[in-house]
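Reviewing the structure listed below.
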Amino acid sequence: MIIIPAIDLKDGKCVRLAQGDFGRVTVYADDPVAMAVRWQEQGAQRIHLVDLDGSLAGAPVNRIQIRDIVRAVSVPVQVGGGIRSRETIEGYLAAGVRWVILGTAALRDQELVRGACHDYEGKIILGIDAVDGRVAVQGWTEKTAASPADLARGYENDGPAAIIYTDIKRDGVGTGVNVEATGELARAVGISVIASGGVAGVEDIVRLKRVEEFGVTGVIIGKALYSGALSLAEALRAAAG
């Protein structure tokens with residue numbers, strides 16, 4: 001299981017939101033590039049970037065910061081937030097981003113997502129974010145009637161690299177990963193699942209390891225790393241155990 005530190009970008013800074021609420025923002029660093037280098041130096045094998053401003057705008061806003069991070073680190077980077085066009089996908093991949101995450105587009109523009117999965121094989125990740133078992137889109141501001149499993153099944157034959165599954169109610173509040181829902185999604189589809197949202201401590205990594213056999217291949221960690229509730233070294237040891 002891979003541990004993936006998260007860097008969420010808002011106004012060019014490294015921040016965390018509580019439960020996806022743009023009114024509950026904590027700024028952790030003014031220099032996201034330095035933060036990315038720090039995680040790499042501590043052993044991160046991959047870095048997760050989200051353009052929060054872009055997720056609302058529907059187009060990249062923090063593109064310069066993302067470009068600079070990709071240039072500064074040697075580990076692969078995955079990027080999400082406001083990626084809703086072929087042009088944006090191609091721009092990020094050309095800039096050296098390894099994986100592009102499609103969230104809102106996965107529900108709203110299936111033609112774009114299917115075409116991208118086929119044209120950029122192994123480089124497209126589906127971002128599925130849920131509230132009370134229902135998919136939320138547009139920077140988590142709109143809840144839909146779709147279930148995560150139903151949305152994911154629709155892309156099984158298109159070969160996405162992975163699914164990032166986020167329980168929005170747990171994201172940024174450190175109440176523990178929704179291991180049950182993450183494991184259920186992994187069992188329901190033939191696509192590897194990366195857990196996200198709510199990591200509180202090393203026990204969450206241990207619990208996720210129990211569903212690794214079903215296809216849960218990684219976990220994204222944000223607030224727990226920034227608050228000191230969990231060190232990256234601890235997380236890496238637990239994941240390797």
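To be explicit about the labels: the chains of the structure tokens are called A, B, and onward in the order shown, and within each one the residues are counted from 1, while ligands get numbers from 1 in the order they are shown.
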Notebook entry, point to check: Leaving out A:Leu232 and any residue of its chain fewer than 5 positions from it, which residues lie within 9 Å of it when counting only C-alpha atoms, given as a ChimeraX atom specification?
Noted result: /A:3,5,39,42-44,221,225,237
Checklist line | Long-range neighbours of A:Gly190 as a list in words, 10 Å cut-off, only C-alpha atoms, 2 positions minimum in chain | finding: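 Counting only the stated atoms, we get Ala152, Arg153, Tyr155, Glu156, Asn157, Gly159, Ala162, Leu185, Ala186, Arg187, Ala188, Ser192, Val193, Phe214 and Gly215 of chain A.
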Note to self: Please extract the residues of stretch 6-199 of chain A with a backbone DSSP assignment of alpha helix (DSSP H) and present them as number ranges by chain.
What the structure shows: A: 32-41, 52-57, 63-72, 86-94, 104-108, 110-119, 148-153, 179-188
Next item on the list: Determine which residues of stretch 54-222 of chain A DSSP labels as strand (DSSP E or B) from the backbone of this structure, then write them out as a VMD selection string.
Entry: chain A and resid 77 to 80 99 to 102 124 to 131 134 to 137 142 to 143 162 to 167 193 to 196 216 to 221
So that I have them on file, write out the residues from the current selection with C-alpha atoms, as a PDB file, in the first residue's frame.
```pdb
ATOM      1  CA  VAL A  77       2.700  13.665  -9.036  1.00  0.00           C
ATOM      2  CA  GLN A  78      -1.048  13.249  -9.449  1.00  0.00           C
ATOM      3  CA  VAL A  79      -3.259  16.308  -9.932  1.00  0.00           C
ATOM      4  CA  GLY A  80      -6.973  16.981  -9.584  1.00  0.00           C
ATOM      5  CA  TRP A  99      -1.670  11.079 -13.388  1.00  0.00           C
ATOM      6  CA  VAL A 100      -4.607  13.397 -14.001  1.00  0.00           C
ATOM      7  CA  ILE A 101      -7.635  13.024 -11.737  1.00  0.00           C
ATOM      8  CA  LEU A 102     -11.098  13.475 -13.260  1.00  0.00           C
ATOM      9  CA  ILE A 124      -6.216   8.863 -15.824  1.00  0.00           C
ATOM     10  CA  ILE A 125      -7.529   8.453 -12.274  1.00  0.00           C
ATOM     11  CA  LEU A 126     -11.214   8.740 -11.404  1.00  0.00           C
ATOM     12  CA  GLY A 127     -11.949  10.961  -8.426  1.00  0.00           C
ATOM     13  CA  ILE A 128     -15.118   9.780  -6.712  1.00  0.00           C
ATOM     14  CA  ASP A 129     -16.154  11.924  -3.746  1.00  0.00           C
ATOM     15  CA  ALA A 130     -19.202  11.013  -1.701  1.00  0.00           C
ATOM     16  CA  VAL A 131     -21.511  12.326   1.014  1.00  0.00           C
ATOM     17  CA  ARG A 134     -23.888   9.674  -2.923  1.00  0.00           C
ATOM     18  CA  VAL A 135     -21.427  11.268  -5.340  1.00  0.00           C
ATOM     19  CA  ALA A 136     -20.708  14.995  -4.941  1.00  0.00           C
ATOM     20  CA  VAL A 137     -19.229  17.152  -7.711  1.00  0.00           C
ATOM     21  CA  GLU A 142     -23.290  19.639  -5.468  1.00  0.00           C
ATOM     22  CA  LYS A 143     -24.612  16.300  -4.224  1.00  0.00           C
ATOM     23  CA  ALA A 162      -7.248   3.911 -10.218  1.00  0.00           C
ATOM     24  CA  ILE A 163     -10.123   5.426  -8.281  1.00  0.00           C
ATOM     25  CA  ILE A 164      -9.580   7.913  -5.487  1.00  0.00           C
ATOM     26  CA  TYR A 165     -12.496   7.512  -3.094  1.00  0.00           C
ATOM     27  CA  THR A 166     -13.095  10.350  -0.636  1.00  0.00           C
ATOM     28  CA  ASP A 167     -15.647  10.405   2.161  1.00  0.00           C
ATOM     29  CA  VAL A 193      -8.957   2.125  -5.081  1.00  0.00           C
ATOM     30  CA  ILE A 194      -6.988   4.783  -3.218  1.00  0.00           C
ATOM     31  CA  ALA A 195      -8.551   5.831   0.087  1.00  0.00           C
ATOM     32  CA  SER A 196      -8.867   9.495   1.013  1.00  0.00           C
ATOM     33  CA  VAL A 216      -7.252  -0.870  -1.891  1.00  0.00           C
ATOM     34  CA  THR A 217      -3.772   0.079  -3.053  1.00  0.00           C
ATOM     35  CA  GLY A 218      -3.039   3.395  -1.348  1.00  0.00           C
ATOM     36  CA  VAL A 219      -4.146   6.168   0.967  1.00  0.00           C
ATOM     37  CA  ILE A 220      -3.919   9.945   0.685  1.00  0.00           C
ATOM     38  CA  ILE A 221      -3.060  11.744   3.922  1.00  0.00           C
TER      39      ILE A 221
END
```
Next item on the list: Give me the residues within 10 Å of A:Val97 as a PyMOL selection string, counting only C-alpha atoms and dropping any in the same chain fewer than 6 places off.
Entry: chain A and resi 49+66-67+69-71+76-79+89-91+123
Expected file: the selected residues, N, CA and C atoms, as a compact mmCIF listing (two decimals), in the first residue's frame:
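Once written, out.txt looks like this:
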```txt
# COMPACT_ATOMS: atom_id res chain seq x y z
N LEU A 49 -1.79 16.40 -5.53
CA LEU A 49 -2.06 17.83 -5.60
C LEU A 49 -3.51 18.07 -5.99
N ILE A 66 1.59 24.20 -9.52
CA ILE A 66 1.66 22.77 -9.85
C ILE A 66 2.86 22.50 -10.76
N ARG A 67 3.06 23.36 -11.75
CA ARG A 67 4.22 23.22 -12.64
C ARG A 67 5.52 23.26 -11.84
N ILE A 69 6.02 22.58 -8.68
CA ILE A 69 6.17 21.38 -7.84
C ILE A 69 6.68 20.22 -8.68
N VAL A 70 6.09 20.02 -9.85
CA VAL A 70 6.52 18.91 -10.71
C VAL A 70 8.01 19.05 -11.06
N ARG A 71 8.44 20.27 -11.29
CA ARG A 71 9.85 20.51 -11.63
C ARG A 71 10.77 20.29 -10.44
N PRO A 76 6.66 10.85 -8.73
CA PRO A 76 5.50 11.17 -9.57
C PRO A 76 4.44 11.97 -8.82
N VAL A 77 3.72 12.77 -9.59
CA VAL A 77 2.70 13.66 -9.04
C VAL A 77 1.36 13.37 -9.71
N GLN A 78 0.31 13.36 -8.91
CA GLN A 78 -1.05 13.25 -9.45
C GLN A 78 -1.78 14.54 -9.12
N VAL A 79 -2.61 15.00 -10.07
CA VAL A 79 -3.26 16.31 -9.93
C VAL A 79 -4.75 16.21 -10.21
N ILE A 89 -6.11 18.34 -19.68
CA ILE A 89 -5.44 17.05 -19.48
C ILE A 89 -4.09 17.03 -20.19
N GLU A 90 -4.10 17.40 -21.45
CA GLU A 90 -2.87 17.39 -22.24
C GLU A 90 -1.83 18.36 -21.67
N GLY A 91 -2.30 19.51 -21.19
CA GLY A 91 -1.38 20.49 -20.63
C GLY A 91 -0.67 19.97 -19.40
N LYS A 123 -2.89 6.83 -17.28
CA LYS A 123 -2.59 8.15 -16.73
C LYS A 123 -3.82 8.89 -16.21
```
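Taking atom CA of A:Val61 and atom CA of A:Gln45 as endpoints, the distance between them is 25.5 Å.
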Note to self: Need to verify the contact set: stretch 52-60 of chain A, 10 Å, only C-alpha atoms, exclusion of same-chain residues closer than 4 positions in sequence. Can you return it as JSON, numbers by chain?
What the structure shows: {"A": [8, 9, 10, 11, 12, 15, 16, 17, 20, 22, 64, 66, 80, 81, 82, 83, 84, 85, 88, 92, 103, 104, 105, 137, 138, 139, 140, 141]}
Output file for the selection above: N, CA and C atoms, as a compact mmCIF listing (two decimals), in the first residue's frame:
```txt
# COMPACT_ATOMS: atom_id res chain seq x y z
N ASP A 8 -3.08 20.56 -0.91
CA ASP A 8 -4.25 21.23 -1.48
C ASP A 8 -3.91 22.70 -1.66
N LEU A 9 -4.16 23.20 -2.86
CA LEU A 9 -3.76 24.55 -3.23
C LEU A 9 -4.95 25.51 -3.29
N LYS A 10 -4.82 26.60 -2.57
CA LYS A 10 -5.82 27.66 -2.62
C LYS A 10 -5.08 29.00 -2.52
N ASP A 11 -5.34 29.86 -3.48
CA ASP A 11 -4.66 31.16 -3.52
C ASP A 11 -3.15 31.00 -3.50
N GLY A 12 -2.67 29.93 -4.12
CA GLY A 12 -1.24 29.70 -4.22
C GLY A 12 -0.60 29.14 -2.97
N VAL A 15 -3.14 24.45 1.84
CA VAL A 15 -4.21 24.57 2.83
C VAL A 15 -4.89 23.23 3.06
N ARG A 16 -5.76 23.20 4.05
CA ARG A 16 -6.69 22.09 4.22
C ARG A 16 -8.07 22.67 4.48
N LEU A 17 -9.06 22.01 3.89
CA LEU A 17 -10.45 22.35 4.18
C LEU A 17 -11.02 21.32 5.15
N GLY A 20 -14.61 19.65 3.12
CA GLY A 20 -14.80 20.28 1.83
C GLY A 20 -15.41 21.66 1.87
N PHE A 22 -15.28 25.46 1.92
CA PHE A 22 -14.35 26.53 1.57
C PHE A 22 -14.36 27.66 2.60
N ILE A 64 0.60 27.39 -12.15
CA ILE A 64 2.01 27.73 -11.99
C ILE A 64 2.62 26.98 -10.80
N ILE A 66 1.59 24.20 -9.52
CA ILE A 66 1.66 22.77 -9.85
C ILE A 66 2.86 22.50 -10.76
N GLY A 80 -5.54 16.87 -9.37
CA GLY A 80 -6.97 16.98 -9.58
C GLY A 80 -7.44 18.39 -9.30
N GLY A 81 -8.68 18.67 -9.68
CA GLY A 81 -9.27 19.98 -9.42
C GLY A 81 -9.45 20.81 -10.67
N GLY A 82 -10.67 20.85 -11.18
CA GLY A 82 -10.97 21.70 -12.33
C GLY A 82 -10.51 21.17 -13.67
N ILE A 83 -10.28 19.88 -13.77
CA ILE A 83 -9.80 19.29 -15.02
C ILE A 83 -11.01 18.76 -15.79
N ARG A 84 -11.48 19.55 -16.73
CA ARG A 84 -12.74 19.21 -17.40
C ARG A 84 -12.66 19.39 -18.91
N SER A 85 -11.44 19.37 -19.44
CA SER A 85 -11.29 19.49 -20.89
C SER A 85 -10.07 18.71 -21.34
N THR A 88 -6.85 20.75 -20.94
CA THR A 88 -6.27 20.77 -19.59
C THR A 88 -5.52 19.47 -19.30
N TYR A 92 -1.42 19.31 -18.51
CA TYR A 92 -0.80 18.77 -17.30
C TYR A 92 0.17 17.63 -17.63
N GLY A 103 -12.83 14.18 -11.73
CA GLY A 103 -13.89 13.98 -10.75
C GLY A 103 -15.25 14.38 -11.29
N THR A 104 -15.52 15.68 -11.33
CA THR A 104 -16.80 16.16 -11.87
C THR A 104 -17.02 15.64 -13.28
N ALA A 105 -15.97 15.62 -14.09
CA ALA A 105 -16.09 15.15 -15.47
C ALA A 105 -16.52 13.69 -15.55
N VAL A 137 -20.08 16.60 -6.65
CA VAL A 137 -19.23 17.15 -7.71
C VAL A 137 -19.09 18.67 -7.54
N GLN A 138 -18.40 19.28 -8.50
CA GLN A 138 -18.23 20.74 -8.56
C GLN A 138 -17.59 21.25 -7.26
N GLY A 139 -16.39 20.70 -6.97
CA GLY A 139 -15.72 21.10 -5.74
C GLY A 139 -16.50 20.71 -4.50
N TRP A 140 -17.24 19.60 -4.61
CA TRP A 140 -18.01 19.03 -3.50
C TRP A 140 -19.22 19.87 -3.12
N THR A 141 -19.58 20.84 -3.95
CA THR A 141 -20.69 21.73 -3.61
C THR A 141 -22.03 21.20 -4.07
```
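Nearest-residue note for A:Gly183: choosing from A:Val73, A:Ala29, A:Val211, A:Ala18, the minimum distance belongs to A:Val211, counting only C-alpha atoms.
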Next item on the list: Name all residues at most 9 Å from A:Ala72 (count only C-alpha atoms; drop same-chain ones fewer than 4 positions away) and give them as a ChimeraX atom specification.
Entry: /A:33-34,36-37,67-68
Item checked: A:Asp204 surroundings by only C-alpha atoms, 8 Å radius, close-in-sequence under 5 positions cut, as a PyMOL selection string -> chain A and resi 176-177+199
Kindly save the residues from that selection, with C-alpha atoms included, as an mmCIF file, in the first residue's frame.
```cif
data_model
loop_
_atom_site.group_PDB
_atom_site.id
_atom_site.type_symbol
_atom_site.label_atom_id
_atom_site.label_comp_id
_atom_site.auth_asym_id
_atom_site.auth_seq_id
_atom_site.Cartn_x
_atom_site.Cartn_y
_atom_site.Cartn_z
ATOM 1 C CA GLY A 176 -10.912 8.084 10.812
ATOM 2 C CA VAL A 177 -11.027 6.687 7.297
ATOM 3 C CA VAL A 199 -6.892 9.652 8.376
#
```
Checklist line | Pairwise distance for atom CA of A:Pro160 and atom CA of A:Gly115, rounded to one decimal in Å | finding: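 Atom CA of A:Gly115 lies 10.7 Å from atom CA of A:Pro160.
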Item checked: Neighbour list for A:Lys209 as a PyMOL selection string, cut-off 9 Å, only C-alpha atoms, skip fewer than 3 positions in-chain -> chain A and resi 1+204-206+212-213+216-217+238-239+241
